Structure formats: C-alpha cells, structure tokens
Amino acid sequence: MTAPSPPRRAAMRLAVIVSEAGRDLARGVTRAGCCAAALGLALAGLVAVDGLAVRRLIAQAQEFQDRGAATLIITLAGGVDGRLCDALARQPGVRAAGAVRVEADPLLFAQLPDSPVSFYSVSPGFAAMLPAATGPDGAGLLVSREVAERFGFSLGSRIDLAPSTAADNRSGWAAGTSRTAGWYDYPQDGRPPGFGYAALAPTPADQRFDQCWLDQYPVVPATSDLLYSVILPDADTETSPPQINQHNGSLGAPTDPAAAYGQRPTAWAAAAAGLVGLAVGLLAVAARRVELASNAHAGQRRLDQLAAVGLETAAWALTAAAVGAAALAGVSRGLEPADRLAVARSLAGVVWAGVAGAMAGAWAAALVIRPSKLFAYAKER
C-alpha cells in the first residue's frame, strides 16, 4: 500500500486539528464563553470611550467651520483683485473664496427709508461663503435673513429703493428697483458685525474690492499665504499695509486636526485593548496547562498544539470582536458618510488590537510551557 503523499498528510493533520479544536470549544474546556464576554465587554467599553472622544473632535471641527473661524480675510481698501480672489476657490482644501467691497452709501428701502441697510458689493464666489445662503438666484440683491424678515422679502420679490442722500455713490444703487435674489443667515456667534443687517449686490469679479475672504479647512499656512497674491500691483501697500484676520476669533486660533486627534485623551485605547486581549489570552491558556500536558504526553506535536490553541483563541476573540464592532456601529451612527468612515477606521484599530493581543497572549502562554515539563504539570495535579 502506497503511503499518503505529504500534502495529503498535511491536510489530514489540519482536519484533525480543526476537529479537535471544535470538540474543545463544544465541551467548554477552552472557557471560550467567559473569554469572549470578558474581551468583548472591554472592547465595547474602549470603543465607546474612544469613539465619543473622536466624535467630540469632529463636532468641534464642524463648529469651527460653521461659525466662520476657518475663514481668513485679507483687507486692503481698493487693492484686491476680484478675479484672483475667486480663483482661490480652486486651490486644494479651499471650500470657497470671494471678494467684498464696502459701499459708501447704505441702501434705503422705500418701506422704511429711515432705516438704512449696510450695503456691500461682492464677487460671484462670495455667496458660497455665507451661512445657509440661498442664492444668488439670478440678478438682484442678497439680503440677510433679518432684513428679509423685517421688510417681508421673499425669494424673487420686488425691492423698491429710496433715493440716497450720500454724496459718494459708487454703486449706482441710489434709487430704483431690484429683486430679492436670495438671503443668508449671519448669526451673532462671535462674528464681527456688519453683515447681520445688510444687502449684498453680486458684481462681476473684474473690479477692485476691499477684502478677499478665504474659507479653508484645515487651515494651512501655505494656502493662507495665497491671500497676498490677490493684491493688485498698483495698490498702495505702504500707506496701508494689507492685514489678514480670522473672521471669527471667538473659538481661538486654527489648530491642526491631525495633531488634535493624536493628542486626544483616549489615544491609548488601542494599546489598552491589546493589553486586555493579551491578559485574557494568557489566562485562557495558562488555565489549561493540565489538558495541554495530557495531550503532549499522548503524542500531540508541539506545532499541532499551537495551531489548535490558535484556532480556539481565534473563535472566542472574533466573537469578542463582533461585540466591539456592534459598539463601533453605535458610536458612528448619525455621522456624515466621510466622518463615519474615518471613525470606523479609527475604532477598528481598537477592536483588532484586542484580537491580536488575545492571539499573542494565547501563543505566548503555550510557548512558555516547555514540552519536557508538560507531563510534570499533569502529575502535580
């Protein structure tokens, strides 16, 4: 009779190892349920703690952007090129860019001619800078929500302008009619006053403006320096040097979100998961030294024993990982798709660190017990 070939013998050995591991799990000698529960609860707790910390960072970053703290403004009266300013919106990481010119004349609406409204001319790219802007929807004026509510303006409604008494009228909007092209919110959340009770006239970008606004996140100094590129060559920068300011400084200076993530208080969560998994794996195998001694005395090869321990440990470690994954799904629920993916990737590291720790602990415990002393352990019992 011909002896089985080496690949066949290997397959037979593997089948025996898998079968033996399955029997051990079914008989409960591996204490798989207790190990899975212990590791699973630890992973769920660590995922929840770290996940909440990451969500807090995301909320802070979103608030930073929503409140205009990520917007930088360069100011030089009459010295800003609107075309170059709008073109900054095409730079990587820039969400929007637009130019503003402060008009000398306030607007006077016929309904309340004694209630002047601040007036600005803006480049086409500026509407995207405004919170909850609805337009512009064609030609006309963008008005703040406060102005729209006070005068009863709706989208597309007619605006009757009263004559202005100001001597300097650069805008050409001193009298006549216009329409509501859209409106925008300008909350009082630390932003400088001026746009909360105002009207904006979208204007071609090929003009001179007073300011260029750049909305970017994260705030990168190299990109911010591009604001100086919008200054016109003939602008008077000596008498009045250009200044760059943060639109809303109430939330503090811009920070690096990657650095904030690395410095979060729960950055140790993955390491802690690995240590917990290591401890559970060590204890799970150390508690079975009598059984391992008996198997070795019966002729089980050391490599086969390590393979069986690995299979048994993987079974309860992956069960614990499923508990951690459920906690991960709960923590990331309700986030935007991009944020949800980022959180999932971060917290998956915690889960897999626990699994890797359990495998390492189990194999380390099995290797520490020397084959020559395995039977001695069994005789002691």
# chains A, B, ... in the order shown; residues from 1 in each chain; ligands from 1
>>> residues_around(residues="range 38-45 of chain A", least_positions_apart="5", cutoff="8 Å", atoms="only C-alpha atoms", output="list in words")
Ala273, Val276, Gly277, Val280, Ala317, Thr319, Ala320, Ala321, Ala322, Val323, Gly324, Ala325, Ala326, Ala327, Leu328, Val350, Val351 and Gly354 of chain A
>>> write_last_selection(atoms="C-alpha atoms", output="compact mmCIF listing (two decimals), in the first residue's frame")
# COMPACT_ATOMS: atom_id res chain seq x y z
CA ALA A 273 -7.31 46.82 24.05
CA VAL A 276 -6.55 43.35 27.78
CA GLY A 277 -6.53 40.84 24.93
CA VAL A 280 -7.20 37.23 28.59
CA ALA A 317 -11.54 36.51 20.11
CA THR A 319 -16.75 36.71 18.87
CA ALA A 320 -15.50 39.48 21.15
CA ALA A 321 -14.58 41.49 18.04
CA ALA A 322 -18.20 41.23 16.88
CA VAL A 323 -19.28 42.82 20.18
CA GLY A 324 -16.74 45.60 19.64
CA ALA A 325 -17.95 46.05 16.06
CA ALA A 326 -21.52 46.47 17.31
CA ALA A 327 -20.32 49.20 19.68
CA LEU A 328 -18.43 50.76 16.77
CA VAL A 350 -9.06 49.24 18.83
CA VAL A 351 -11.01 46.07 18.00
CA GLY A 354 -7.75 43.34 21.17
>>> residues_around(residues="Trp268 in chain A", least_positions_apart="4", cutoff="12 Å", atoms="only C-alpha atoms", output="MDAnalysis selection string")
chainID A and resid 46:47 49:50 53 261:264 272:275 347 349:350 353
>>> residues_around(residues="range 99-103 of chain A", least_positions_apart="6", cutoff="6 Å", atoms="only C-alpha atoms", output="PyMOL selection string")
chain A and resi 82+119-123+209-212
>>> select_by_dssp(residues="range 175-323 of chain A", states="strand (DSSP E or B)", output="number ranges by chain")
A: 176-184, 198-202, 208-216, 231, 243-246
>>> residues_around(residues="Arg145 in chain A", least_positions_apart="5", cutoff="6 Å", atoms="only C-alpha atoms", output="PyMOL selection string")
chain A and resi 183-185
>>> residues_around(residues="Thr237 in chain A", least_positions_apart="5", cutoff="12 Å", atoms="only C-alpha atoms", output="MDAnalysis selection string")
chainID A and resid 75:80 228 231:232 242:243
>>> residues_around(residues="Ala360 in chain A", least_positions_apart="6", cutoff="9 Å", atoms="only C-alpha atoms", output="VMD selection string")
chain A and resid 277 to 278 281 to 282
>>> write_last_selection(atoms="C-alpha atoms", output="PDB file, in the first residue's frame")
ATOM      1  CA  GLY A 277      -6.531  40.844  24.931  1.00  0.00           C
ATOM      2  CA  LEU A 278      -3.021  39.754  25.905  1.00  0.00           C
ATOM      3  CA  GLY A 281      -5.273  35.085  26.108  1.00  0.00           C
ATOM      4  CA  LEU A 282      -2.544  34.325  28.650  1.00  0.00           C
TER       5      LEU A 282
END
>>> residues_around(residues="Gly68 in chain A", least_positions_apart="2", cutoff="8 Å", atoms="only C-alpha atoms", output="list in words")
Phe64, Gln65, Asp66, Ala70, Thr71, Arg191, Asp215, His247 and Asn248 of chain A
>>> atom_distance(atom1="CA of Val147 in chain A", atom2="CA of Gln246 in chain A")
25.3 Å
>>> atom_distance(atom1="CA of Thr223 in chain A", atom2="CA of Ala128 in chain A")
18.4 Å
